[in-house]
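**Q** Quick one: structure below, then a few questions.
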4 protein chains.
Amino acid sequence: MKNKKYSVILGNLGNTCDRFLSSGYKDPLDKDVMIAQAASIEGVTGIELVGTWDIDESNVAEMKRKLADKNLQCSSIIPDLFARKKWGKGSLAAPAAAIRQDAIAELKALTDMAVELHCDLLNLWPGQDGYDYPLAADYLEERQWLIDGVREVAKYAQAKGVKIALEYKMKEPRTHSYLARACDTLLIAQATGLDNVGITIDTGHAFLAYENVGEVVALLKMHGDRLFHMHFNDNYTSWDDDMIVGSIHLVDYFEMLYWLEKTDFAGWYSIDEYPYREDGYRSIRSSVLFLQRMHALLAKSGMAAVEKLIRLRDPVATTEFIRENLVAHA
Amino acid sequence: MKNKKYSVILGNLGNTCDRFLSSGYKDPLDKDVMIAQAASIEGVTGIELVGTWDIDESNVAEMKRKLADKNLQCSSIIPDLFARKKWGKGSLAAPAAAIRQDAIAELKALTDMAVELHCDLLNLWPGQDGYDYPLAADYLEERQWLIDGVREVAKYAQAKGVKIALEYKMKEPRTHSYLARACDTLLIAQATGLDNVGITIDTGHAFLAYENVGEVVALLKMHGDRLFHMHFNDNYTSWDDDMIVGSIHLVDYFEMLYWLEKTDFAGWYSIDEYPYREDGYRSIRSSVLFLQRMHALLAKSGMAAVEKLIRLRDPVATTEFIRENLVAHA
Amino acid sequence: MKNKKYSVILGNLGNTCDRFLSSGYKDPLDKDVMIAQAASIEGVTGIELVGTWDIDESNVAEMKRKLADKNLQCSSIIPDLFARKKWGKGSLAAPAAAIRQDAIAELKALTDMAVELHCDLLNLWPGQDGYDYPLAADYLEERQWLIDGVREVAKYAQAKGVKIALEYKMKEPRTHSYLARACDTLLIAQATGLDNVGITIDTGHAFLAYENVGEVVALLKMHGDRLFHMHFNDNYTSWDDDMIVGSIHLVDYFEMLYWLEKTDFAGWYSIDEYPYREDGYRSIRSSVLFLQRMHALLAKSGMAAVEKLIRLRDPVATTEFIRENLVAHA
Amino acid sequence: MKNKKYSVILGNLGNTCDRFLSSGYKDPLDKDVMIAQAASIEGVTGIELVGTWDIDESNVAEMKRKLADKNLQCSSIIPDLFARKKWGKGSLAAPAAAIRQDAIAELKALTDMAVELHCDLLNLWPGQDGYDYPLAADYLEERQWLIDGVREVAKYAQAKGVKIALEYKMKEPRTHSYLARACDTLLIAQATGLDNVGITIDTGHAFLAYENVGEVVALLKMHGDRLFHMHFNDNYTSWDDDMIVGSIHLVDYFEMLYWLEKTDFAGWYSIDEYPYREDGYRSIRSSVLFLQRMHALLAKSGMAAVEKLIRLRDPVATTEFIRENLVAHA
């Protein structure tokens, strides 16, 4: 197994809020401190930056220098299509044409910033594009706007060597997102007719949708090889709790790492959590360490042994394997 | 609005069991009685037959005559890929090649029976094709078997003028089905390279997967116009309860009928419930009557008015519409 | 049927935010405007005030006058145990004793304000009391703190003629709340040994927990007659979406109103929604109108007819009743 | 830590069916073979027998001898209140008085058989007592019937030294069970006024209801010390999948064993799975071995260390503990 590239989302190290405590559970942290913290986590060499929050035209050069100082790469830019009032009713699929144009313009600008930062990936999560109620949206029209917007941005990005990874999530902040599950999102990627459009799997988003991540990885390989990026976190499977990796699930992570390896995934293994009440640095680091442990256990078992196991198609053999190889011995 | 074609699944009128009461909650009913009951429901002109249970090579001619006697069309044949021990670990994607061949052979034979019955649709629900545990299936290999099997059957059927509608359901009897949601199933239909392969939406399966049926109808129109068939029932949204249509939801049904009309769906509106403890005939009939009421309310409102409403994208206007047009006045 | 008392939560008329758009989707609204809006909704005579947001020691007299000017009663005070950083890890069950004391002191102060406002109900939702991860809380110790805190406040309130209604919700903002479902909350009410401690049902919280509100109403009647207050909203049953009443469900509302009447519920029918992207006033009003419609339909059917229906225990008869009495005729 | 008593449900070793494959996925197994298999699982000393399926008046003496031959105790009798047509609409809360009387009579008879088998526990799961649709049940009347029935049986059993453990499950076979969650079931136990009525936690039923088993154990201790029995299995948290213990979850099991020990649970640790497509013996054994591993890991960590950890209330420390003590090292 080749070395893996680990990354974190910068903002996860800072303050986090929810709808009840809008000022956040913690105090804001200085950006430099957060960058230093990210750099100090064992094995982490990449950082994801969120538009507006972390990066805009005014600070690209400065941010570039800061990352270089810490030997960090910018693993992706996550455009802010969700955190400003103007996106409240949508961004790329907003009812207002002017908002859609704004979104496209901003994504092009961020593409340029990505190039400047030697980053080849825009991670698009258009969380406000969707709807909340039945009988209150024109699904055909809005979906077409979304496709058209992604296509225009992707065309621009393609010329600059930048890929667009569409991150799906079934719901929140809307009760229904247009990029909801792996395969409806893949259909949108395909509909652009461009091969620099692919998918980001967020493990928690997949759990929430009752998707098995290992299966989704295989499926995205099969239908066009479009898995571009991975976000890791854990949850109780009915909401995007954004918890520390490995706090709830075990076997699922092992299985998905197998399939990522099996399908030659060469992208970043990036942590995306929301440590509302926890220390950001220690919390993110704990996720990284769990992921690295799973990679180490996979290497120890060996790909061939796991392949042999899954070909048995025998759940009892699987649970024996779990007890033998994944769970601690007393 | 054109006249709609209503249909029922024959077996729904009979006895139904579950894992605790395997002998069923009711007594078996004579097939002729069931056919007569189906025919007597206002507006019902079609009937779906389940392979093995209702139809096999030995009784095709007889069944054809019985349906003709009651002026019923065979709206679809639902091959039995789930109710015999040999399918226990899968049918089209079973680990054993011989089982996969059996499934294909049986589907071809049922295609011939469909032709004989002047029925142009096979409704394929390969419920045993999937997996129960993580780390106990080879998703790539099994998904490929499934595609290959569907393609072989569809090719055969195409020559005979028969369409294959793939019915998806996220889980049960497996914890994970390969045909799980609308879009992963659409990808399989596309992968066959044949345009006589499409999708069946079962409304309860969609609810279970947190899909909005109206949106799915629009989406299937957009990505290849592959919606072939509709199964109606209701549930509490977290399991395939197979309840009487309209016992829980209201607005969702109205919305989906709008989108079916809007996208020129010309197939059957077929009831698929499991009236475990209820009288089969009265229960199925109640579903039909609810569906017809929704169609009548849609006709009364008019397509243009609903289109205008959804273009407002104003949930408050939507709830005013609901109170004005869908809920009874005191 | 006696006249019903309708109420709204003042803050629902204003701006609302979530974790992604912490500044809120709309602009803040002047408190006087909101009060005037509430008063202008047909049939609304009560208003719920949230501590800190709407009411504190400095403005009680002023608020009292404002409500009087509009002929509004204060139907309840909802103490803020969730919207300040100090409650981030809990209030009545916080690990820090000083925080628990703060919470108790604040609740006593709000009891005094309630008395001043001629309001006899504190609606307690200790949303931060719970936990997020397994193996990270002492359930016995924290639950005892919660009981002790509620008891101390309730004793104080009892002497002043004020009731304490505990509002439960399975999760959010924590992944697990201590007041999670109707019956675990009832056990806490009972454990205080005081009969001025009861329960608030929020319909959306109940849906989220797969509770049937009608059954919960009956159950709370049976086990001590402790239903004190009702919050109404709608959702998709897997999250507290806080939507307009009647946008998704129909029959459930009708059934719960029957059981509230049957069990002689004499409290407020209060709306509690989060109109993130909708106009607050129109949205809340739409909920009130739906609820009033359901009451009117119940009155029209008559309690005796509904009782006769449920005694039939025949779901088919129920769906016939729905079509006849709850759904519009074409 | 004292030695633990492990048990299995006899029928789990045999054939299992579902609503689609009513003949079952496997072949029936001889009862003697199943008993021998149970006895051969390391550490298993108890066996649960299901009424009708395993035990009735005609074979008590024979079964007693068979268990004695294998040094097995009867850990509980699970009355069949779910697997015969007559219970289809309920047992203890059935609409028909004669059915309710039948259920009570049968439970008394099984109490006598339990005494004969030196078994002190009836595990009551009245799975058919509940309802499927809104507006189709009288919750007050049916709940009272249930309480009255349990009281009558429990009074009879008390005189014979037999305890009644009520097993709850939110749904299935009904969409709503009357014994749905831990606390509503506890209220019923309390309402009998008898202290030989308690609760069975089935871990999968708790997961399905979004209950944290560790918390439920603590809560049942606190509110009357009524936890009598434990059933173990695993699932994907949205249905009672009845899978092998430890195939999905890890930390939850460790935590619940801590709380069981902490609250001096002295009952049986019994496996309750449905190995539809798996070899029964190997599958059940795998669950037992996982549970024993968790017990061994708890003993190795020590109760004091875990108590210290949970008192930290620091999820990051918890995940460090998980990596250090529960997950395998590479």
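By convention in this document, the chains of the structure tokens carry letters A, B, ... by their order, each chain's residues are numbered from 1, and ligands are numbered from 1 in the order they are shown.
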Taking only C-alpha atoms into account, what are the residues of chain D at most 8 Å from chain B, put as a PyMOL selection string?

**A** chain D and resi 16-26+82-85+88-89+133-134+173+175+238-239+241+247-248+277

**Q** Enumerate as an MDAnalysis selection string all residues of range 45-279 of chain B assigned to alpha helix (DSSP H) by DSSP on the backbone, naming them with the chain letters and numbers the document uses.

**A** chainID B and resid 60:69 97:116 139:159 182:191 203:208 213:222 251:262

**Q** Do you know which residues are at most 10 Å from Arg100 in chain C counting only C-alpha atoms, after dropping those on the same chain fewer than 2 positions away, and could you put them as a list in words?

**A**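 Returned residues: Trp87, Gly90, Ser91, Leu92, Ala93, Ala94, Pro95, Ala96, Ala97, Ala98, Asp102, Ala103, Ile104, Ala105, Glu106, Trp145, Leu146 and Gly149 of chain C.
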
**Q** Name the residues in contact with Leu186 in chain A at a cut-off of 12 Å, using only C-alpha atoms, excluding same-chain residues fewer than 6 positions from it; report them as an MDAnalysis selection string.

**A** (chainID A and resid 147 165:168 178:180 192:195 197:201 216:217 219:228) or (chainID B and resid 183:184 186:187 223)

**Q** Env of Lys262 in chain C: 12 Å cut, atoms = only C-alpha atoms, seq-sep filter 2 positions within chain, self excluded. Answer as an MDAnalysis selection string.

**A** (chainID C and resid 1:2 214:215 217:218 221 255:260 264:266 298 302:304 306:307) or (chainID D and resid 138:140)

**Q** Rounded to one decimal, what separation in Å do you get between CA of Leu110 in chain C and CA of Pro79 in chain C?

**A**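 Answer for the CA of Leu110 in chain C to CA of Pro79 in chain C separation: 7.1 Å.
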